[in-house]
Every structure is written in structure tokens, then in C-alpha cells.
$ cat entry23.csv   # CSV, C-alpha atoms (C1' of nucleotides)
chain,number,residue,atom,x,y,z
A,244,MET,CA,-89.0,11.5,-144.2
A,245,PRO,CA,-86.0,13.5,-145.4
A,246,GLU,CA,-83.5,11.8,-147.7
A,247,LEU,CA,-80.5,10.9,-145.5
A,248,ALA,CA,-78.7,8.3,-147.6
A,249,ALA,CA,-77.1,10.6,-150.2
A,250,PRO,CA,-75.6,13.2,-147.8
A,251,LEU,CA,-74.4,10.4,-145.5
A,252,VAL,CA,-72.6,8.6,-148.3
A,253,GLU,CA,-71.0,11.8,-149.5
A,254,TRP,CA,-69.9,12.8,-146.1
A,255,TYR,CA,-68.6,9.3,-145.2
A,256,GLY,CA,-66.4,9.3,-148.3
A,257,ARG,CA,-64.5,12.3,-147.1
A,258,ASN,CA,-64.6,11.8,-143.3
A,259,ALA,CA,-64.4,8.1,-142.5
A,260,ARG,CA,-61.7,7.2,-140.0
A,261,ASP,CA,-59.1,4.8,-141.1
A,262,LEU,CA,-59.9,1.9,-138.7
A,263,PRO,CA,-58.4,-1.6,-138.8
A,264,TRP,CA,-61.7,-3.4,-139.5
A,265,ARG,CA,-62.3,-1.2,-142.5
A,266,ARG,CA,-59.1,-2.4,-144.2
A,267,GLU,CA,-59.7,-4.4,-147.4
A,268,GLY,CA,-59.8,-8.1,-146.7
A,269,PHE,CA,-59.9,-7.7,-142.9
A,270,GLY,CA,-62.0,-10.9,-142.8
A,271,ALA,CA,-65.2,-12.0,-141.1
A,272,TRP,CA,-63.4,-13.4,-138.1
A,273,GLY,CA,-61.6,-10.1,-137.6
A,274,THR,CA,-64.8,-8.3,-138.0
A,275,LEU,CA,-66.5,-10.6,-135.5
A,276,VAL,CA,-63.8,-10.1,-132.9
A,277,SER,CA,-63.8,-6.4,-133.4
A,278,GLU,CA,-67.5,-6.2,-132.9
A,279,PHE,CA,-67.3,-8.2,-129.6
A,280,MET,CA,-64.6,-5.9,-128.3
A,281,LEU,CA,-66.5,-2.8,-129.4
A,282,GLN,CA,-69.6,-3.8,-127.4
A,283,GLN,CA,-69.6,-0.9,-124.9
A,284,THR,CA,-65.8,-0.3,-125.2
A,285,PRO,CA,-64.4,2.8,-127.0
A,286,VAL,CA,-62.6,2.4,-130.3
A,287,ALA,CA,-59.3,3.8,-129.1
A,288,ARG,CA,-59.1,1.1,-126.4
A,289,VAL,CA,-60.1,-1.7,-128.6
A,290,ILE,CA,-57.6,-1.3,-131.4
A,291,PRO,CA,-54.4,-2.5,-129.7
A,292,HIS,CA,-56.2,-5.4,-128.1
A,293,LEU,CA,-57.8,-6.4,-131.4
A,294,GLU,CA,-54.5,-6.7,-133.2
A,295,ALA,CA,-52.9,-8.7,-130.4
A,296,TRP,CA,-55.9,-11.0,-130.3
A,297,LEU,CA,-55.9,-11.7,-134.1
A,298,ASP,CA,-52.2,-12.1,-134.0
A,299,ARG,CA,-52.5,-14.9,-131.5
A,300,TRP,CA,-55.7,-16.5,-132.8
A,301,PRO,CA,-56.1,-15.9,-136.5
A,302,THR,CA,-59.1,-18.3,-136.8
A,303,PRO,CA,-62.0,-19.3,-134.6
A,304,GLY,CA,-60.5,-22.8,-134.3
A,305,ALA,CA,-57.3,-21.5,-133.0
A,306,LEU,CA,-59.1,-19.7,-130.2
A,307,ALA,CA,-61.4,-22.7,-129.6
A,308,ALA,CA,-58.4,-25.0,-129.2
A,309,GLU,CA,-57.3,-23.2,-126.0
A,310,ALA,CA,-59.0,-23.0,-122.6
A,311,PRO,CA,-61.5,-20.2,-122.0
A,312,ALA,CA,-59.0,-19.0,-119.3
A,313,GLU,CA,-56.7,-17.9,-122.1
A,314,ALA,CA,-59.4,-15.8,-123.7
A,315,VAL,CA,-60.3,-14.2,-120.4
A,316,ARG,CA,-56.6,-13.4,-119.8
A,317,GLN,CA,-56.0,-12.0,-123.2
A,318,TRP,CA,-59.1,-9.8,-122.8
A,319,ALA,CA,-57.1,-8.1,-120.1
A,320,ASN,CA,-58.8,-4.9,-118.9
A,321,LEU,CA,-61.2,-4.4,-121.8
A,322,GLY,CA,-64.1,-4.8,-119.4
A,323,TYR,CA,-67.1,-7.0,-119.3
A,324,PRO,CA,-65.0,-10.2,-119.3
A,325,ARG,CA,-68.1,-12.2,-120.0
A,326,ARG,CA,-67.6,-11.1,-123.6
A,327,ALA,CA,-64.3,-12.9,-123.7
A,328,LEU,CA,-66.0,-16.1,-122.5
A,329,TRP,CA,-68.8,-15.6,-125.0
A,330,LEU,CA,-66.4,-15.0,-127.8
A,331,HIS,CA,-64.5,-18.2,-126.9
A,332,ARG,CA,-67.8,-20.0,-126.9
A,333,ALA,CA,-68.9,-18.5,-130.2
A,334,ALA,CA,-65.5,-19.6,-131.7
A,335,THR,CA,-66.2,-23.1,-130.6
A,336,GLU,CA,-69.7,-23.0,-132.1
A,337,ILE,CA,-68.3,-21.7,-135.4
A,338,ARG,CA,-65.7,-24.5,-135.5
A,339,ASP,CA,-68.2,-27.2,-134.6
A,340,ARG,CA,-71.3,-26.0,-136.5
A,341,HIS,CA,-69.9,-24.1,-139.4
A,342,GLY,CA,-66.6,-25.7,-140.4
A,343,ASP,CA,-64.6,-22.9,-138.8
A,344,VAL,CA,-66.1,-20.3,-141.1
A,345,VAL,CA,-68.0,-17.3,-139.6
A,346,PRO,CA,-71.5,-17.8,-140.9
A,347,ARG,CA,-73.1,-15.2,-143.2
A,348,ASP,CA,-76.7,-15.8,-142.4
A,349,VAL,CA,-78.2,-13.5,-139.8
A,350,ASP,CA,-80.2,-16.2,-138.1
A,351,ALA,CA,-77.1,-18.4,-137.9
A,352,LEU,CA,-75.1,-15.5,-136.4
A,353,LEU,CA,-77.9,-14.8,-133.9
A,354,ALA,CA,-77.7,-18.4,-132.7
A,355,LEU,CA,-74.1,-17.9,-131.6
A,356,THR,CA,-73.3,-17.0,-128.0
A,357,GLY,CA,-72.9,-13.3,-127.4
A,358,ILE,CA,-74.3,-12.2,-130.7
A,359,GLY,CA,-77.4,-10.1,-130.8
A,360,ASP,CA,-79.3,-7.9,-133.3
A,361,TYR,CA,-76.4,-5.4,-133.7
A,362,THR,CA,-73.5,-7.8,-134.0
A,363,ALA,CA,-75.2,-10.3,-136.3
A,364,ARG,CA,-76.1,-7.6,-138.8
A,365,ALA,CA,-72.8,-5.8,-138.5
A,366,VAL,CA,-71.0,-9.1,-139.5
A,367,ALA,CA,-73.4,-9.8,-142.3
A,368,VAL,CA,-73.1,-6.3,-143.7
A,369,PHE,CA,-69.5,-5.3,-143.1
A,370,ALA,CA,-67.9,-8.6,-143.6
A,371,TYR,CA,-70.1,-10.1,-146.2
A,372,GLY,CA,-71.7,-7.1,-147.9
A,373,ASP,CA,-75.3,-8.1,-147.4
A,374,HIS,CA,-78.3,-5.8,-147.2
A,375,HIS,CA,-79.5,-5.4,-143.6
A,376,PRO,CA,-80.1,-2.5,-141.2
A,377,VAL,CA,-77.3,-2.2,-138.7
A,378,VAL,CA,-78.3,-0.2,-135.6
A,379,ASP,CA,-76.0,0.7,-132.8
A,380,THR,CA,-76.3,3.4,-130.2
A,381,ASN,CA,-74.8,6.0,-132.6
A,382,THR,CA,-77.3,5.2,-135.3
A,383,ARG,CA,-80.2,5.4,-132.9
A,384,ARG,CA,-79.1,8.8,-131.8
A,385,VAL,CA,-78.7,10.1,-135.4
A,386,LEU,CA,-82.2,8.8,-136.3
A,387,ALA,CA,-83.7,10.2,-133.1
A,388,ARG,CA,-82.4,13.7,-133.9
A,389,ALA,CA,-82.6,13.9,-137.7
A,390,VAL,CA,-85.9,12.0,-138.1
A,391,ALA,CA,-87.8,12.0,-134.8
A,392,GLY,CA,-86.6,15.5,-133.7
A,393,ARG,CA,-85.6,14.3,-130.3
A,394,GLY,CA,-82.3,15.1,-128.5
A,395,GLN,CA,-81.7,11.5,-127.3
A,396,PRO,CA,-83.1,8.2,-128.5
A,397,GLY,CA,-85.6,6.2,-126.5
A,398,PRO,CA,-84.8,2.8,-125.2
A,399,PRO,CA,-83.5,0.3,-127.7
A,400,SER,CA,-86.2,-1.5,-129.6
A,401,ARG,CA,-86.7,-3.9,-132.5
A,402,ARG,CA,-88.5,-1.0,-134.2
A,403,ASP,CA,-85.1,0.6,-134.6
A,404,LEU,CA,-84.3,-2.0,-137.2
A,405,VAL,CA,-87.4,-1.0,-139.2
A,406,ASP,CA,-86.6,2.7,-138.8
A,407,MET,CA,-83.1,2.2,-140.2
A,408,ALA,CA,-84.3,-0.1,-143.0
A,409,ALA,CA,-86.5,2.8,-144.2
A,410,VAL,CA,-83.4,5.0,-144.6
A,411,LEU,CA,-81.3,2.5,-146.6
A,412,PRO,CA,-81.1,2.6,-150.3
A,413,ASP,CA,-81.9,-0.6,-152.3
A,414,ASP,CA,-78.4,-0.9,-153.7
A,415,VAL,CA,-76.5,-3.3,-151.5
A,416,GLU,CA,-73.1,-1.6,-151.5
A,417,ALA,CA,-74.7,1.8,-150.9
A,418,ALA,CA,-76.7,0.5,-148.1
A,419,ALA,CA,-73.7,-0.9,-146.3
A,420,VAL,CA,-72.0,2.6,-146.6
A,421,VAL,CA,-75.1,4.3,-145.2
A,422,ASN,CA,-75.1,1.9,-142.2
A,423,ALA,CA,-71.4,2.6,-141.6
A,424,ALA,CA,-71.9,6.3,-142.2
A,425,ALA,CA,-74.7,6.7,-139.7
A,426,MET,CA,-72.6,5.0,-137.0
A,427,GLU,CA,-69.6,7.1,-137.9
A,428,LEU,CA,-71.6,10.3,-137.8
A,429,GLY,CA,-73.0,9.5,-134.4
A,430,ALA,CA,-69.5,8.6,-133.2
A,431,THR,CA,-67.7,11.7,-134.4
A,432,VAL,CA,-70.2,14.5,-135.1
A,433,CYS,CA,-73.7,13.8,-133.8
A,434,THR,CA,-72.3,12.9,-130.4
A,435,ALA,CA,-74.2,12.5,-127.2
A,436,ARG,CA,-72.9,15.5,-125.3
A,437,SER,CA,-71.9,18.3,-127.6
A,438,PRO,CA,-72.9,17.6,-131.2
A,439,ARG,CA,-71.0,19.6,-133.9
A,440,CYS,CA,-73.9,20.5,-136.0
A,441,GLU,CA,-71.8,23.0,-138.0
A,442,ALA,CA,-70.0,19.9,-139.4
A,443,CYS,CA,-73.0,17.7,-140.0
A,444,PRO,CA,-74.1,16.7,-143.5
A,445,LEU,CA,-77.6,16.3,-142.2
A,446,ALA,CA,-77.9,19.8,-140.6
A,447,ASP,CA,-80.2,21.0,-143.4
A,448,VAL,CA,-82.7,18.2,-142.9
A,449,CYS,CA,-82.3,17.5,-139.2
A,450,ARG,CA,-85.7,17.8,-137.5
A,451,TRP,CA,-84.2,18.3,-134.1
A,452,ARG,CA,-82.1,21.2,-135.3
A,453,ALA,CA,-85.0,22.7,-137.4
A,454,GLU,CA,-87.2,22.7,-134.3
A,455,GLY,CA,-84.6,24.5,-132.2
A,456,TYR,CA,-83.2,21.7,-130.3
A,457,PRO,CA,-86.2,21.0,-128.1
A,458,ASP,CA,-85.6,19.4,-124.8
A,459,THR,CA,-87.7,16.4,-125.5
A,460,GLY,CA,-87.3,14.7,-122.2
A,461,ASP,CA,-84.4,12.4,-121.5
A,462,THR,CA,-85.4,8.8,-120.8
A,463,ARG,CA,-81.9,7.7,-120.1
A,464,ARG,CA,-81.4,6.0,-116.8
A,465,ARG,CA,-78.5,7.1,-114.7
A,466,GLN,CA,-75.7,4.6,-114.7
A,467,ALA,CA,-75.4,2.9,-111.3
A,468,LYS,CA,-72.5,4.1,-109.2
A,469,TYR,CA,-69.4,2.0,-109.7
A,470,GLU,CA,-67.5,2.8,-106.6
A,471,GLY,CA,-68.4,0.3,-103.9
A,472,SER,CA,-70.5,-1.8,-106.3
A,473,ASP,CA,-70.7,-5.5,-106.9
A,474,ARG,CA,-69.2,-4.9,-110.3
A,475,GLN,CA,-66.2,-3.3,-108.8
A,476,ALA,CA,-65.7,-6.3,-106.5
A,477,ARG,CA,-66.1,-8.7,-109.4
A,478,GLY,CA,-63.6,-6.6,-111.4
A,479,ALA,CA,-61.1,-6.8,-108.5
A,480,VAL,CA,-61.4,-10.5,-108.4
A,481,MET,CA,-60.9,-10.9,-112.1
A,482,ARG,CA,-57.9,-8.6,-112.1
A,483,MET,CA,-56.3,-10.6,-109.4
A,484,LEU,CA,-56.8,-13.9,-111.2
A,485,ARG,CA,-55.6,-12.5,-114.5
A,486,ASP,CA,-52.4,-11.2,-112.8
A,487,ALA,CA,-51.9,-14.5,-111.1
A,488,ALA,CA,-51.6,-16.3,-114.5
A,489,PRO,CA,-51.4,-19.1,-115.0
A,490,SER,CA,-51.7,-20.4,-111.5
A,491,ALA,CA,-54.6,-20.8,-109.1
A,492,VAL,CA,-55.0,-18.6,-106.1
A,493,PRO,CA,-56.0,-19.8,-102.6
A,494,LEU,CA,-59.6,-18.8,-102.1
A,495,GLU,CA,-59.1,-17.1,-98.8
A,496,THR,CA,-56.5,-14.7,-100.3
A,497,ILE,CA,-58.8,-13.4,-103.1
A,498,ILE,CA,-59.2,-9.7,-102.5
A,499,ALA,CA,-58.8,-10.6,-98.8
A,500,ASP,CA,-58.8,-6.9,-97.7
A,501,TRP,CA,-62.0,-6.0,-99.5
A,502,PRO,CA,-64.0,-3.9,-97.0
A,503,ASP,CA,-67.3,-5.7,-97.4
A,504,ARG,CA,-66.8,-9.4,-96.8
A,505,ARG,CA,-70.4,-10.2,-97.8
A,506,GLN,CA,-69.9,-8.4,-101.1
A,507,ARG,CA,-66.6,-10.1,-101.7
A,508,ASP,CA,-68.2,-13.5,-101.2
A,509,ARG,CA,-71.1,-12.5,-103.4
A,510,ALA,CA,-68.8,-11.4,-106.2
A,511,ILE,CA,-66.9,-14.7,-106.2
A,512,ASP,CA,-70.0,-16.7,-106.1
A,513,SER,CA,-71.6,-14.8,-109.0
A,514,LEU,CA,-68.4,-15.2,-111.1
A,515,VAL,CA,-68.6,-18.9,-110.5
A,516,VAL,CA,-72.2,-18.9,-111.6
A,517,ASP,CA,-71.2,-17.0,-114.7
A,518,GLY,CA,-68.4,-19.4,-115.5
A,519,LEU,CA,-65.8,-16.7,-115.4
A,520,VAL,CA,-63.9,-18.5,-112.5
A,521,GLU,CA,-63.8,-22.0,-111.2
A,522,ALA,CA,-63.0,-23.2,-107.7
A,523,SER,CA,-61.3,-26.5,-106.8
A,524,ASP,CA,-59.5,-27.7,-103.7
A,525,GLY,CA,-59.8,-24.3,-102.1
A,526,LEU,CA,-58.2,-22.6,-105.1
A,527,LEU,CA,-59.7,-20.2,-107.5
A,528,HIS,CA,-58.7,-20.0,-111.1
A,529,LEU,CA,-59.9,-18.9,-114.5
A,530,PRO,CA,-62.0,-21.4,-116.4
A,531,ARG,CA,-60.1,-24.3,-117.9
A,532,GLY,CA,-63.0,-25.8,-119.8
A,533,ARG,CA,-63.8,-29.4,-119.7
A,534,THR,CA,-60.9,-31.0,-118.0
A,535,GLY,CA,-62.6,-34.0,-116.5
A,536,PRO,CA,-65.1,-34.9,-113.8
A,537,ASP,CA,-65.2,-32.9,-110.6
A,538,SER,CA,-63.0,-30.2,-111.9
A,539,THR,CA,-65.4,-27.7,-110.5
A,540,ILE,CA,-66.6,-27.7,-106.9
A,541,PRO,CA,-69.4,-25.4,-105.7
A,542,LEU,CA,-68.2,-22.8,-103.3
A,543,SER,CA,-70.8,-23.4,-100.6
B,914,DG,C1',-88.8,-3.9,-120.7
B,915,DA,C1',-85.7,-3.3,-116.7
B,916,DT,C1',-81.3,-4.8,-114.8
B,917,DC,C1',-77.0,-6.3,-114.6
B,918,DC,C1',-72.5,-6.6,-116.3
B,919,DG,C1',-66.0,-3.4,-116.3
B,920,DT,C1',-63.0,0.0,-117.2
B,921,DG,C1',-61.0,4.3,-118.1
B,922,DG,C1',-61.1,8.8,-120.5
B,923,DA,C1',-63.4,13.4,-121.1
B,924,DC,C1',-65.5,17.3,-119.3
C,156,DT,C1',-64.4,15.5,-108.2
C,157,DG,C1',-68.3,13.4,-109.8
C,158,DT,C1',-70.9,12.3,-113.7
C,159,DC,C1',-71.4,10.7,-118.3
C,160,DC,C1',-70.4,7.9,-121.8
C,161,DA,C1',-68.6,4.1,-124.8
C,162,DA,C1',-69.9,-0.1,-132.4
C,163,DG,C1',-74.6,-4.6,-126.7
C,164,DG,C1',-76.3,-8.9,-125.0
C,165,DA,C1',-78.3,-12.1,-121.8
C,166,DT,C1',-81.7,-12.8,-118.4
$ encode --input "entry23.csv" --output "C-alpha cells"
Amino acid sequence: MPELAAPLVEWYGRNARDLPWRREGFGAWGTLVSEFMLQQTPVARVIPHLEAWLDRWPTPGALAAEAPAEAVRQWANLGYPRRALWLHRAATEIRDRHGDVVPRDVDALLALTGIGDYTARAVAVFAYGDHHPVVDTNTRRVLARAVAGRGQPGPPSRRDLVDMAAVLPDDVEAAAVVNAAAMELGATVCTARSPRCEACPLADVCRWRAEGYPDTGDTRRRQAKYEGSDRQARGAVMRMLRDAAPSAVPLETIIADWPDRRQRDRAIDSLVVDGLVEASDGLLHLPRGRTGPDSTIPLS
DNA sequence: GATCCGTGGAC
DNA sequence: TGTCCAAGGAT
């Protein structure tokens, strides 16, 4: 295995972007919120939302004190609104289980709603400076190319953590930098579509490059079409409820002109199941949390 | 392990 | 214009 850590550290020192969560003393709560927002949402779209969020809710307890509806509304158009619900839930868990302090232990982090292998280790490493492999889609692509000689990574696997751990130096601070550098390289140089190998610090040791960029077979699955999908219908419902803030909307007026009535009903029903909306007295609204008995009535 | 889950920008 | 992609996680 080629030595990747040293060139990554050197490159990162000169090329790291100045991002909010890399500021000194950004804090574990800020790191956690940023990681939630960055789950499948590009950096450029996250930054303004992140700052507004932390401005409004500087601690987990501040967020937990409000209804989930407020989190979903503040989430705005970041996409995947379940993440807002999960972040609110995680904030409540942090307040109740951890004295309003974001935990440092990976297993404690993994036990929080909406936190998986990536986010748990990202918080432990970037907020607390501990020694763990942090593996996101960028890192997986860098390792796939530089080490495995493949153009694209295979499906995510727990083995990715082992692979990254093998690259990390023993030194705790250096390991954190290597984690960040692998992600940064994948995000800015070793990109999915047109990698800029001429600017890559790993070009000399990259197996994929050395072997002439073989087409190793792309196992990626095509993303389902969005136009006309259930997801689009759900998105339209959520947008309508967000814009109707803070009031409830008569159920029958919700995306009433949606072309496919079955799909429209299915979207609302699934959102209720997910806890993203609640129905009561023929009205639909964002989740208010525990407001008393019978605050939620099944649709059918 | 395969699927589902939003939204918008880049090419 | 359509396709691809984006600091994943839950089921």
C-alpha cells in the first residue's frame, strides 16, 4: 500500500477551503448540525442555512425546547426533511441523556437518531480530536482510485472503515488531518466526473492512474427519476406546509391540483407515517410534538 | 444489501 | 434537456 498520509497532509495544508465548521472553536453542536445538513446536500447550499440555524438554536436544548415543526420549517429547502426531524430528535436525546452536551463517544453518538457511521466519527474526530477513520463518499472514491485502482468505489461497506484506518497515521492530530484531507481531495480534485489529476498530490502513487484509468465497471445504480415521483409529491406537500406557516391547512386543499390523486394521497399518508406531518380535524400541519391526547388522527 | 428519501446546480 | 451528483441513514 502506498503512503498516502504525508502527501495528503502537505496538500491539505495549502489547499483546504475556509469553511465555517473548520473555524477554531466552532463547537461540537455546530459540527453536529453541519454534518446533518451535509448529508447529501452540497456545501455551498448548507453554509447559509447552517449559520441561521446556529444563530437561532445555539445549543441542543434550545432546539429541543421548540416543536419539531420549527425545525422542519427552518430546514427550508435543504431537502430530505426527515433530517430536520431527526436532528430535533437527536437534540432532545442529547439534552435528556447527556446533559445538553454532544457526546464524544462513538457508540453514544451512534445511538442518537439520524447519526450513522460517518456522522458519529466525523463528530468524534473533527469536534473532539479523537482517532477514528472517517469515511464519506469522497474518501471512498479517493481510496477506490488511489489504492484499489478502480474508477468508482463499490457500494458502501463497513470494510471502508478498515480500509481508511489502514491509511491513518498513529498520531491523533495527524490522523484527523488525513481524514479531512481525503474528504477534501475527493470533493475538490478527485471528483466523480472529471478528476483533476494534474493537481492531485497522490498522482504519483495512484493505482488507477498508473494502470491507465481502466474502466473497472461502474456498480453505481442510476438515481430514480424525480419528475413524477412520490418524492416529488412529498416535496410539494412539505413545501406547501412550510409556506403556510404557522397555520394548518385544510386537508383537501393540499396540492389539490396534483395530477395523480392516488400519488397525492400516498404522499400525505407516508409523510404522516414518517412523522413529518400531522392531521387533525381535517387539517394538515407540521409536527407539533406531544401536545396532548388525540392530537393526531389517522388519515384513513 | 437494496431501496427509499428532496432539491437544485453543473455539464 | 436530461442526467448526474451531492460530507448518509433508516428500514
$ interface_residues --input "entry23.csv" --of "chain A" --to "chain B" --cutoff "7 Å" --atoms "all atoms listed in the file" --output "PyMOL selection string"
chain A and resi 320-323+474+478
$ write_last_selection --input "entry23.csv" --atoms "C-alpha atoms" --output "mmCIF file, in the coordinates of the input"
data_model
loop_
_atom_site.group_PDB
_atom_site.id
_atom_site.type_symbol
_atom_site.label_atom_id
_atom_site.label_comp_id
_atom_site.auth_asym_id
_atom_site.auth_seq_id
_atom_site.Cartn_x
_atom_site.Cartn_y
_atom_site.Cartn_z
ATOM 1 C CA ASN A 320 -58.800 -4.900 -118.900
ATOM 2 C CA LEU A 321 -61.200 -4.400 -121.800
ATOM 3 C CA GLY A 322 -64.100 -4.800 -119.400
ATOM 4 C CA TYR A 323 -67.100 -7.000 -119.300
ATOM 5 C CA ARG A 474 -69.200 -4.900 -110.300
ATOM 6 C CA GLY A 478 -63.600 -6.600 -111.400
#
$ residues_around --input "entry23.csv" --residues "segment 445-455 of chain A" --least-positions-apart "3" --cutoff "10 Å" --atoms "all atoms listed in the file" --output "compact mmCIF listing (two decimals) with C-alpha atoms, keeping the file's coordinate frame"
# COMPACT_ATOMS: atom_id res chain seq x y z
CA MET A 244 -89.00 11.50 -144.20
CA PRO A 245 -86.00 13.50 -145.40
CA GLU A 246 -83.50 11.80 -147.70
CA LEU A 247 -80.50 10.90 -145.50
CA ALA A 248 -78.70 8.30 -147.60
CA ALA A 249 -77.10 10.60 -150.20
CA PRO A 250 -75.60 13.20 -147.80
CA LEU A 251 -74.40 10.40 -145.50
CA TRP A 254 -69.90 12.80 -146.10
CA VAL A 385 -78.70 10.10 -135.40
CA LEU A 386 -82.20 8.80 -136.30
CA ALA A 387 -83.70 10.20 -133.10
CA ARG A 388 -82.40 13.70 -133.90
CA ALA A 389 -82.60 13.90 -137.70
CA VAL A 390 -85.90 12.00 -138.10
CA ALA A 391 -87.80 12.00 -134.80
CA GLY A 392 -86.60 15.50 -133.70
CA ARG A 393 -85.60 14.30 -130.30
CA GLY A 394 -82.30 15.10 -128.50
CA GLN A 395 -81.70 11.50 -127.30
CA LEU A 428 -71.60 10.30 -137.80
CA CYS A 433 -73.70 13.80 -133.80
CA ARG A 439 -71.00 19.60 -133.90
CA CYS A 440 -73.90 20.50 -136.00
CA GLU A 441 -71.80 23.00 -138.00
CA ALA A 442 -70.00 19.90 -139.40
CA ASP A 458 -85.60 19.40 -124.80
CA THR A 459 -87.70 16.40 -125.50
$ closest_residue --input "entry23.csv" --among "A:Thr274, A:Gln317, A:Gln283, A:Gln466" --to "chain C" --atoms "all atoms listed in the file"
A:Gln283
$ closest_residue --input "entry23.csv" --among "A:Ala334, A:Val366, A:Ile358, A:Ile497" --to "chain C" --atoms "all atoms listed in the file"
A:Ile358
$ atom_distance --input "entry23.csv" --atom1 "atom CA of Trp264 of chain A" --atom2 "atom C1' of DC159 of chain C"
27.2 Å
$ decode --input "entry23.csv" --residues "chain C" --atoms "N, CA and C atoms (P, O5', C5', C4', C3', O3' and C1' of nucleotides)" --output "CSV table (one decimal), in the first residue's frame"
chain,number,residue,atom,x,y,z
C,156,DT,P,-34.4,23.4,-22.8
C,156,DT,O5',-34.4,21.8,-22.5
C,156,DT,C5',-35.2,21.0,-23.4
C,156,DT,C4',-34.8,19.5,-23.2
C,156,DT,C3',-35.2,18.9,-21.9
C,156,DT,O3',-35.6,17.5,-22.1
C,156,DT,C1',-32.9,18.9,-22.0
C,157,DG,P,-36.2,16.7,-21.0
C,157,DG,O5',-35.0,15.7,-20.6
C,157,DG,C5',-34.5,14.8,-21.6
C,157,DG,C4',-33.2,14.2,-21.0
C,157,DG,C3',-33.4,13.3,-19.8
C,157,DG,O3',-32.6,12.2,-19.9
C,157,DG,C1',-31.8,15.1,-19.4
C,158,DT,P,-32.7,11.0,-18.9
C,158,DT,O5',-31.3,11.0,-18.2
C,158,DT,C5',-30.1,11.1,-19.0
C,158,DT,C4',-29.0,11.5,-18.2
C,158,DT,C3',-28.9,10.7,-16.8
C,158,DT,O3',-27.7,10.0,-16.8
C,158,DT,C1',-28.6,13.0,-16.5
C,159,DC,P,-27.3,9.0,-15.6
C,159,DC,O5',-26.3,10.0,-14.7
C,159,DC,C5',-25.3,10.7,-15.4
C,159,DC,C4',-24.6,11.6,-14.4
C,159,DC,C3',-24.4,11.0,-13.0
C,159,DC,O3',-23.1,11.2,-12.6
C,159,DC,C1',-25.5,13.0,-12.8
C,160,DC,P,-22.4,10.3,-11.5
C,160,DC,O5',-22.4,11.3,-10.2
C,160,DC,C5',-21.8,12.6,-10.4
C,160,DC,C4',-22.3,13.5,-9.4
C,160,DC,C3',-22.3,12.9,-8.0
C,160,DC,O3',-21.2,13.4,-7.3
C,160,DC,C1',-24.2,14.3,-8.4
C,161,DA,P,-20.7,12.8,-5.9
C,161,DA,O5',-21.3,13.9,-4.8
C,161,DA,C5',-21.0,15.3,-5.1
C,161,DA,C4',-21.8,16.1,-4.2
C,161,DA,C3',-21.9,15.6,-2.8
C,161,DA,O3',-21.3,16.6,-1.9
C,161,DA,C1',-24.1,16.0,-3.6
C,162,DA,P,-19.8,16.1,-1.6
C,162,DA,O5',-19.9,15.2,-0.4
C,162,DA,C5',-19.3,15.7,0.8
C,162,DA,C4',-19.6,14.7,1.8
C,162,DA,C3',-21.1,14.7,2.3
C,162,DA,O3',-21.4,13.4,2.9
C,162,DA,C1',-19.6,15.4,4.0
C,163,DG,P,-22.3,12.5,2.0
C,163,DG,O5',-23.3,11.8,3.1
C,163,DG,C5',-22.9,10.8,4.0
C,163,DG,C4',-23.9,10.7,5.1
C,163,DG,C3',-23.8,9.5,5.9
C,163,DG,O3',-24.2,9.8,7.2
C,163,DG,C1',-25.8,9.4,4.6
C,164,DG,P,-24.3,8.7,8.3
C,164,DG,O5',-25.8,8.3,8.3
C,164,DG,C5',-26.8,9.3,8.5
C,164,DG,C4',-28.2,8.7,8.7
C,164,DG,C3',-28.1,7.4,9.5
C,164,DG,O3',-29.2,7.5,10.5
C,164,DG,C1',-29.1,7.0,7.4
C,165,DA,P,-29.6,6.3,11.4
C,165,DA,O5',-30.9,5.7,10.7
C,165,DA,C5',-32.0,6.6,10.5
C,165,DA,C4',-33.2,5.9,9.9
C,165,DA,C3',-33.5,4.6,10.6
C,165,DA,O3',-35.0,4.5,10.7
C,165,DA,C1',-33.0,4.1,8.4
C,166,DT,P,-35.7,3.4,11.4
C,166,DT,O5',-36.1,2.4,10.3
C,166,DT,C5',-36.8,2.8,9.1
C,166,DT,C4',-37.0,1.7,8.1
C,166,DT,C3',-37.3,0.3,8.7
C,166,DT,O3',-38.4,-0.2,8.1
C,166,DT,C1',-35.5,0.2,7.2
